[in-house]
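Undergrad: Sending over a structure as structure tokens; questions will come in a sec.
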Amino acid sequence: MAAQLSCACAQETVIVNSFLSHMPIRPTPGHALCLAPRHRPPDPPQGIALTSLLARSAWADGRRVSPGLMIGLATFGILALELALIRWTSSQIRVFAYFNNLVLIGTFLGMGLGVALGRRWPGLVYLVLPALLVVALPLAFSDSLGLVHLRFPDRSVSLWGIERFDADGWTFTRSLAIFLSLFTGLVAVFTCAGAALGHLFPRLPALKAYNADLVGSLAGVLVFSLAAWLHAGPAVWLALGALPFVWLTCGRIDAVLAVGVIALGQYSVQGAVFSPYNRIAMQPGAMSLELEVNRDFHQYLHDFSSARLDNPSLNPALGALLHDVARLYALPFTINTQRTSAVVVGAGTGNDVQAALRAGYRQVTSVDIDPRIIEIGRQSHPEHPYSQPGVRTVVDDARSFFGSDQGAYDVVCFGLLDSHAMTSAMSTLRLDNYVYTEEGIRAAWQHVAPGGHLSLAISCNAGRWFFERLYWTVTRATGREPIAFYSPLHSSTVTFVVPRQGAALVLAEIKSRQQIPPSASQESTLTPSDDWPFLYVRPGAFPWGYAAVLSFVLLLAGVTVPWAFEMRRGTGAFDGPLFLMGAAFLLIETRGVTSMSLLFGSTWIVNAVIFSGILLMVLLANLVVQRWDLRRPLPWFIGLFAAMALLYLFPVSWMQSLPLGSRVLLAGLITGLPVGFAGLIVPMLLARSTQPTAALGSNLLGAVLGGCLEYYSMLGGLKSTALMALILYLTAFVWMRRLGSSQRGQAARC
């Protein structure tokens with residue numbers, strides 16, 4: 001009530017001041033008229049002007065718009081900005097692609113701080129677009145500033161060659177300073193944006209405001225998914241995030257700033273096109289037309305036709321190089337005499353497909369996750385493999401394809417399948433992580449026909465450890481040691497070939513190529529599995545880069561959170577149980593995303609369905625709490641603990657053997673139960689809080705802790721996320737019970 005009265009008083013003051021400022025001033029009888037000087041009064045000191053700006057709430061006062069609509073629109077803008085900046089930063093500054101969930105962590109840190117500060121400083125909303133413009137400038141000009149391939153020499157993870165540079169102190173410090181400065185700018189953007197939610201939230205009962213918040217988030221996911229489906233680029237992403245704040249502030253300057261941000265997004269395109277996964281650019285290359293993905297080289301669109309290779313005008317050195325590369329592409333299809341059907345996963349623009357056709361395969365199935373790359377191959381590949389008879393194209397994740405396809409093939413070929421994007425912002429997995437696990441390769445092996453073979457080609461320029469890891473992973477998956485053919489061309493490519501019993505391999509092909517044996521034993525080599533799918537994590541290297549970044553995040557949170565919640569004054573309302581609930585919830589979201597990606601593919605559609613489903617489930621849970629006035633969280637905590645134990649103990653890999661319908665129902669139940677129980681408990685705790693806005697901010701900040709803990713999965717495996725979430729929920733429950741006992745004791749003493 002006090003909050004509503006203060007808002008009403010503020011609104012009345014604005015109306016009265018506006019009325020007085022437009023009244024004609026006339027002298028009244030018996031009174032002298034004091035005329036103010038006609039010149040403009042001096043501006044207040046800068047500090048006072050800033051304080052005045054931060055205290056302004058005119059953007060929310062006196063508007064004939066329901067608070068629920070404004071909350072929903074603010075949350076929509078925050079969600080759209082989050083998704084826009086996750087995609088834009090990773091394509092403009094490549095190192096962000098390998099700290100993908102760090103932008104998500106920064107989003108939650110900023111939102112939590114903004115919600116806490118919004119009651120005191122509602123005018124922070126006026127700084128959203130200026131802060132966004134400051135962040136957008138280095139991102140838009142990252143190429144000319146030399147930031148695209150910012151060296152971040154953390155040798156613990158293979159980052160497409162970046163880790164091979166010497167990690168001298170100056171390079172490390174400079175790169176870290178630039179990276180963390182940009183991260184801090186992102187936190188500032190979302191702090192200002194979160195202030196809108198913090199100021200508006202008290203204007204409605206807590207659960208109604210929470211409803212509006214969830215509806216806005218759900219709408220943001222759906223609209224951004226539509227933009228991905230339409231292959232929209234940065235200008236559209238940034239417009240979706242910026243325009244809601246132009247509407248909230250109703251300022252012409254903000255409109256100009258939004259146009260500037262959108263223009264910077266468009267400037268960064270530089271002729272590229274966008275798919276739901278990648279920024280794709282084409283340019284002339286040394287050998288052929290070159291396709292670039294997220295500003296990294298991805299592949300050439302090779303012309304290996306006789307007309308080109310035998311052309312007498314071809315430069316001899318280039319001709320020799322092209323012949324060698326053509327032999328590399330031909331290897332999977334010429335090493336076996338059985339040549340009827342082939343499947344190529346990671347087919348890209350079609351080089352491997354054309355090699356299969358040239359070798360005499362009559363039916364070739366092409367699988368790639370990115371529809372835009374397939375379309376580029378269809379239109380621009382010089383040999384037009386996707387237009388040839390007998391070629392079938394499938395847009396799908398390779399692991400998902402092997403789980404759903406019923407065919408058997410003379411060759412199952414892994415093209416140079418590598419990922420330049422992450423599965424989602426929720427996890428540290430790349431799109432190809434589940435392809436190169438023991439279970440993933442075993443799924444492919446099951447599609448090899450009698451007398452056929454499996455071929456897996458990949459760049460091993462990360463080092464000998466990378467080769468050993470894949471060699472023994474293939475061995476464990478197939479039960480047979482592969483033949484490893486080494487080519488120094490194409491970034492030290494190794495092609496692993498595993499024949500089925502009775503396969504008639506061409507001995508001349510085998511003898512004409514360089515083979516490489518393993519030097520480490522199978523027992524001493526850590527190989528990726530579905531629980532630990534981190535192919536690119538280097539053994540025995542301490543992750544200094546990750547440690548430095550996460551330490552900075554925790555330090556920044558440790559400094560800003562007590563200040564934002566006024567803990568030192570003793571007047572703060574930081575909610576510990578809800579903070580832990582937020583941390584645990586992000587971990588179960590992560591576990592849900594990774595499990596569903598394993599079961600149904602790491603496609604953008606699967607991710608969109610997962611996030612929409614989670615938000616819809618939480619929204620329905622909040623409506624249930626409202627409808628039946630649920631107030632006792634204890635019974636629901638018991639259900640939550642049981643659901644978490646089931647999530648931890650249930651073998652996800654077993655569900656892969658089930659029919660699709662059964663798999664959907666069982667996976668939805670096991671991953672959805674914890675979300676449903678947590679979705680019931682959080683609104684009960686919000687409704688019980690004396691300061692629900694601060695409680696919401698605490699819950700959002702919990703995701704910062706959850707995001708940092710998620711990195712532990714790179715050591716302890718993905719199942720550890722469920723175990724950590726269970727521990728956090730147990731701690732939140734104990735903390736809540738102690739707070740309840742303390743409050744009852746104080747009431748009894750009074």
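Convention: chains lettered A, B, ... in structure tokens order; per-chain residue numbering from 1; ligands numbered from 1 as shown.
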Within 9 Å of range 718-727 of chain A, counting only C-alpha atoms, which residues qualify if same-chain residues fewer than 3 places away don't, as a ChimeraX atom specification?
TA: /A:530-533,580-581,583-588,590-591,594,640-641,644-645,647-649,706,709-710,712-715,730-732
Undergrad: Which residues, written as a list of chain:residue names, have at least one atom at most 7 Å from range 228-243 of chain A, with only C-alpha atoms counted and residues fewer than 5 positions away on the same chain left out?
TA: A:Gly77, A:Ile78, A:Ala80, A:Leu81, A:Ala84, A:Trp88, A:Ala258, A:Ile262, A:Ala263, A:Gly265, A:Gln266, A:Phe274, A:Ser275, A:Pro276
Undergrad: Any chance you could export the current selection's N, CA and C atoms as a PDB file, in the first residue's frame?
TA:
```pdb
ATOM      1  N   GLY A  77      11.802  -6.854 -23.833  1.00  0.00           N
ATOM      2  CA  GLY A  77      12.996  -6.155 -24.301  1.00  0.00           C
ATOM      3  C   GLY A  77      14.269  -6.734 -23.710  1.00  0.00           C
ATOM      4  N   ILE A  78      14.231  -7.067 -22.413  1.00  0.00           N
ATOM      5  CA  ILE A  78      15.409  -7.647 -21.757  1.00  0.00           C
ATOM      6  C   ILE A  78      15.752  -8.995 -22.388  1.00  0.00           C
ATOM      7  N   ALA A  80      14.920 -10.156 -25.360  1.00  0.00           N
ATOM      8  CA  ALA A  80      15.377  -9.988 -26.747  1.00  0.00           C
ATOM      9  C   ALA A  80      16.800  -9.444 -26.794  1.00  0.00           C
ATOM     10  N   LEU A  81      17.114  -8.494 -25.907  1.00  0.00           N
ATOM     11  CA  LEU A  81      18.483  -7.974 -25.852  1.00  0.00           C
ATOM     12  C   LEU A  81      19.471  -9.064 -25.460  1.00  0.00           C
ATOM     13  N   ALA A  84      19.930 -11.291 -28.449  1.00  0.00           N
ATOM     14  CA  ALA A  84      20.618 -10.558 -29.508  1.00  0.00           C
ATOM     15  C   ALA A  84      22.105 -10.428 -29.206  1.00  0.00           C
ATOM     16  N   TRP A  88      25.290 -11.796 -31.233  1.00  0.00           N
ATOM     17  CA  TRP A  88      26.102 -10.770 -31.896  1.00  0.00           C
ATOM     18  C   TRP A  88      27.531 -10.777 -31.369  1.00  0.00           C
ATOM     19  N   ALA A 258      18.437   4.392 -30.526  1.00  0.00           N
ATOM     20  CA  ALA A 258      18.033   3.068 -31.004  1.00  0.00           C
ATOM     21  C   ALA A 258      18.350   2.910 -32.483  1.00  0.00           C
ATOM     22  N   ILE A 262      20.803   0.060 -34.080  1.00  0.00           N
ATOM     23  CA  ILE A 262      20.355  -0.812 -35.169  1.00  0.00           C
ATOM     24  C   ILE A 262      21.250  -0.636 -36.394  1.00  0.00           C
ATOM     25  N   ALA A 263      21.634   0.615 -36.670  1.00  0.00           N
ATOM     26  CA  ALA A 263      22.519   0.882 -37.810  1.00  0.00           C
ATOM     27  C   ALA A 263      23.885   0.227 -37.609  1.00  0.00           C
ATOM     28  N   GLY A 265      24.410  -2.477 -35.900  1.00  0.00           N
ATOM     29  CA  GLY A 265      24.181  -3.895 -36.136  1.00  0.00           C
ATOM     30  C   GLY A 265      24.190  -4.219 -37.617  1.00  0.00           C
ATOM     31  N   GLN A 266      23.547  -3.371 -38.412  1.00  0.00           N
ATOM     32  CA  GLN A 266      23.509  -3.599 -39.856  1.00  0.00           C
ATOM     33  C   GLN A 266      24.888  -3.399 -40.475  1.00  0.00           C
ATOM     34  N   PHE A 274      22.710 -14.864 -42.490  1.00  0.00           N
ATOM     35  CA  PHE A 274      22.590 -15.465 -41.169  1.00  0.00           C
ATOM     36  C   PHE A 274      21.640 -16.656 -41.201  1.00  0.00           C
ATOM     37  N   SER A 275      22.037 -17.671 -40.475  1.00  0.00           N
ATOM     38  CA  SER A 275      21.185 -18.828 -40.235  1.00  0.00           C
ATOM     39  C   SER A 275      20.852 -18.845 -38.750  1.00  0.00           C
ATOM     40  N   PRO A 276      20.038 -19.776 -38.280  1.00  0.00           N
ATOM     41  CA  PRO A 276      19.771 -19.834 -36.841  1.00  0.00           C
ATOM     42  C   PRO A 276      21.010 -20.124 -35.997  1.00  0.00           C
TER      43      PRO A 276
END
```
Undergrad: From the set A:Leu207, A:Ala484, A:Cys413, A:Ile638, which residue has the shortest atom-to-atom contact distance to Met684 in chain A, counting only C-alpha atoms?
TA: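 Among the listed residues, the smallest separation from Met684 in chain A belongs to A:Leu207.
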Undergrad: Can you pull out the residues contacting Arg362 in chain A? Cut-off 7 Å, using only C-alpha atoms, and skip same-chain residues under 6 positions away; I want them as a VMD selection string.
TA: chain A and resid 340 to 341 390
Undergrad: Store the residues of this selection in a file with C-alpha atoms, as a PDB file, in the first residue's frame.
TA:
```pdb
ATOM      1  CA  THR A 340      26.180 -48.427 -53.489  1.00  0.00           C
ATOM      2  CA  SER A 341      24.971 -46.110 -50.718  1.00  0.00           C
ATOM      3  CA  GLY A 390      20.258 -39.976 -56.137  1.00  0.00           C
TER       4      GLY A 390
END
```
Undergrad: Residues of range 599-649 of chain A that approach range 686-702 of chain A to 10 Å or less, counting only C-alpha atoms: could you list each one with the shortest pair of atoms and its distance in Å to one decimal, rows by chain and increasing residue number, as a Markdown table?
TA:
```
| residue | atom | partner | partner_atom | distance |
| --- | --- | --- | --- | --- |
| A:Val625 | CA | A:Ala687 | CA | 9.6 |
| A:Gln626 | CA | A:Ala687 | CA | 9.5 |
| A:Asp629 | CA | A:Ala687 | CA | 9.9 |
| A:Leu630 | CA | A:Ala687 | CA | 9.8 |
| A:Arg631 | CA | A:Arg688 | CA | 7.9 |
| A:Arg632 | CA | A:Arg688 | CA | 9.9 |
```
Undergrad: Select from range 255-298 of chain A every residue with an atom at most 10 Å from any atom of range 93-113 of chain A, then for each give the shortest pair of atoms and their distance in Å to one decimal, using only C-alpha atoms, rows by chain and rising number, as a tab-separated table.
TA:
```
residue	atom	partner	partner_atom	distance
A:Asn294	CA	A:Arg94	CA	7.5
A:Arg295	CA	A:Arg94	CA	7.6
A:Asp296	CA	A:Arg94	CA	8.4
```
Undergrad: Separation of CA of Pro450 in chain A and CA of Ala342 in chain A, in Å?
TA: 13.0 Å
Undergrad: Neighbours of Val435 in chain A within 7 Å (only C-alpha atoms; same-chain residues fewer than 5 positions away dropped), as a PyMOL selection string?
TA: chain A and resi 398-399+440-441
Undergrad: Go ahead and write the residues just picked, N, CA and C atoms, as a tab-separated table (two decimals), in the first residue's frame.
TA:
```tsv
chain	number	residue	atom	x	y	z
A	398	ALA	N	23.55	-34.39	-36.57
A	398	ALA	CA	24.04	-35.72	-36.92
A	398	ALA	C	23.61	-36.76	-35.90
A	399	ARG	N	23.69	-36.44	-34.62
A	399	ARG	CA	23.32	-37.42	-33.58
A	399	ARG	C	21.83	-37.72	-33.65
A	440	GLY	N	27.91	-41.54	-29.45
A	440	GLY	CA	27.58	-40.95	-30.73
A	440	GLY	C	28.19	-41.70	-31.89
A	441	ILE	N	29.45	-42.08	-31.77
A	441	ILE	CA	30.11	-42.83	-32.84
A	441	ILE	C	29.54	-44.25	-32.92
```
Undergrad: Could you pull the residues within 10 Å of Glu481 in chain A, counting only C-alpha atoms, minus those fewer than 3 positions along the same chain, as a PDB file with N, CA and C atoms, in the first residue's frame?
TA:
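This is the output file around_21.pdb:
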```pdb
ATOM      1  N   TYR A 471      41.188 -41.433 -31.456  1.00  0.00           N
ATOM      2  CA  TYR A 471      41.544 -42.796 -31.849  1.00  0.00           C
ATOM      3  C   TYR A 471      40.907 -43.803 -30.894  1.00  0.00           C
ATOM      4  N   TRP A 472      41.051 -43.572 -29.597  1.00  0.00           N
ATOM      5  CA  TRP A 472      40.537 -44.543 -28.631  1.00  0.00           C
ATOM      6  C   TRP A 472      39.031 -44.403 -28.428  1.00  0.00           C
ATOM      7  N   THR A 473      38.477 -43.227 -28.707  1.00  0.00           N
ATOM      8  CA  THR A 473      37.015 -43.092 -28.677  1.00  0.00           C
ATOM      9  C   THR A 473      36.386 -43.943 -29.776  1.00  0.00           C
ATOM     10  N   VAL A 474      36.956 -43.868 -30.975  1.00  0.00           N
ATOM     11  CA  VAL A 474      36.457 -44.682 -32.089  1.00  0.00           C
ATOM     12  C   VAL A 474      36.622 -46.170 -31.769  1.00  0.00           C
ATOM     13  N   THR A 475      37.740 -46.521 -31.156  1.00  0.00           N
ATOM     14  CA  THR A 475      37.980 -47.924 -30.808  1.00  0.00           C
ATOM     15  C   THR A 475      36.938 -48.433 -29.827  1.00  0.00           C
ATOM     16  N   ARG A 476      36.666 -47.654 -28.786  1.00  0.00           N
ATOM     17  CA  ARG A 476      35.682 -48.073 -27.788  1.00  0.00           C
ATOM     18  C   ARG A 476      34.281 -48.137 -28.387  1.00  0.00           C
ATOM     19  N   ALA A 477      33.984 -47.246 -29.314  1.00  0.00           N
ATOM     20  CA  ALA A 477      32.638 -47.199 -29.893  1.00  0.00           C
ATOM     21  C   ALA A 477      32.383 -48.363 -30.841  1.00  0.00           C
ATOM     22  N   THR A 478      33.395 -48.751 -31.605  1.00  0.00           N
ATOM     23  CA  THR A 478      33.194 -49.761 -32.641  1.00  0.00           C
ATOM     24  C   THR A 478      33.710 -51.143 -32.241  1.00  0.00           C
ATOM     25  N   ALA A 484      44.316 -45.073 -39.156  1.00  0.00           N
ATOM     26  CA  ALA A 484      44.373 -43.611 -39.105  1.00  0.00           C
ATOM     27  C   ALA A 484      45.290 -43.104 -40.210  1.00  0.00           C
ATOM     28  N   PHE A 496      39.999 -41.386 -39.849  1.00  0.00           N
ATOM     29  CA  PHE A 496      39.908 -42.691 -39.188  1.00  0.00           C
ATOM     30  C   PHE A 496      38.957 -43.572 -39.993  1.00  0.00           C
ATOM     31  N   VAL A 497      39.408 -44.746 -40.383  1.00  0.00           N
ATOM     32  CA  VAL A 497      38.591 -45.678 -41.167  1.00  0.00           C
ATOM     33  C   VAL A 497      38.441 -46.969 -40.375  1.00  0.00           C
ATOM     34  N   VAL A 498      37.176 -47.410 -40.183  1.00  0.00           N
ATOM     35  CA  VAL A 498      36.895 -48.657 -39.466  1.00  0.00           C
ATOM     36  C   VAL A 498      36.051 -49.536 -40.378  1.00  0.00           C
ATOM     37  N   PRO A 499      36.612 -50.642 -40.892  1.00  0.00           N
ATOM     38  CA  PRO A 499      35.826 -51.521 -41.776  1.00  0.00           C
ATOM     39  C   PRO A 499      35.014 -52.537 -40.986  1.00  0.00           C
TER      40      PRO A 499
END
```
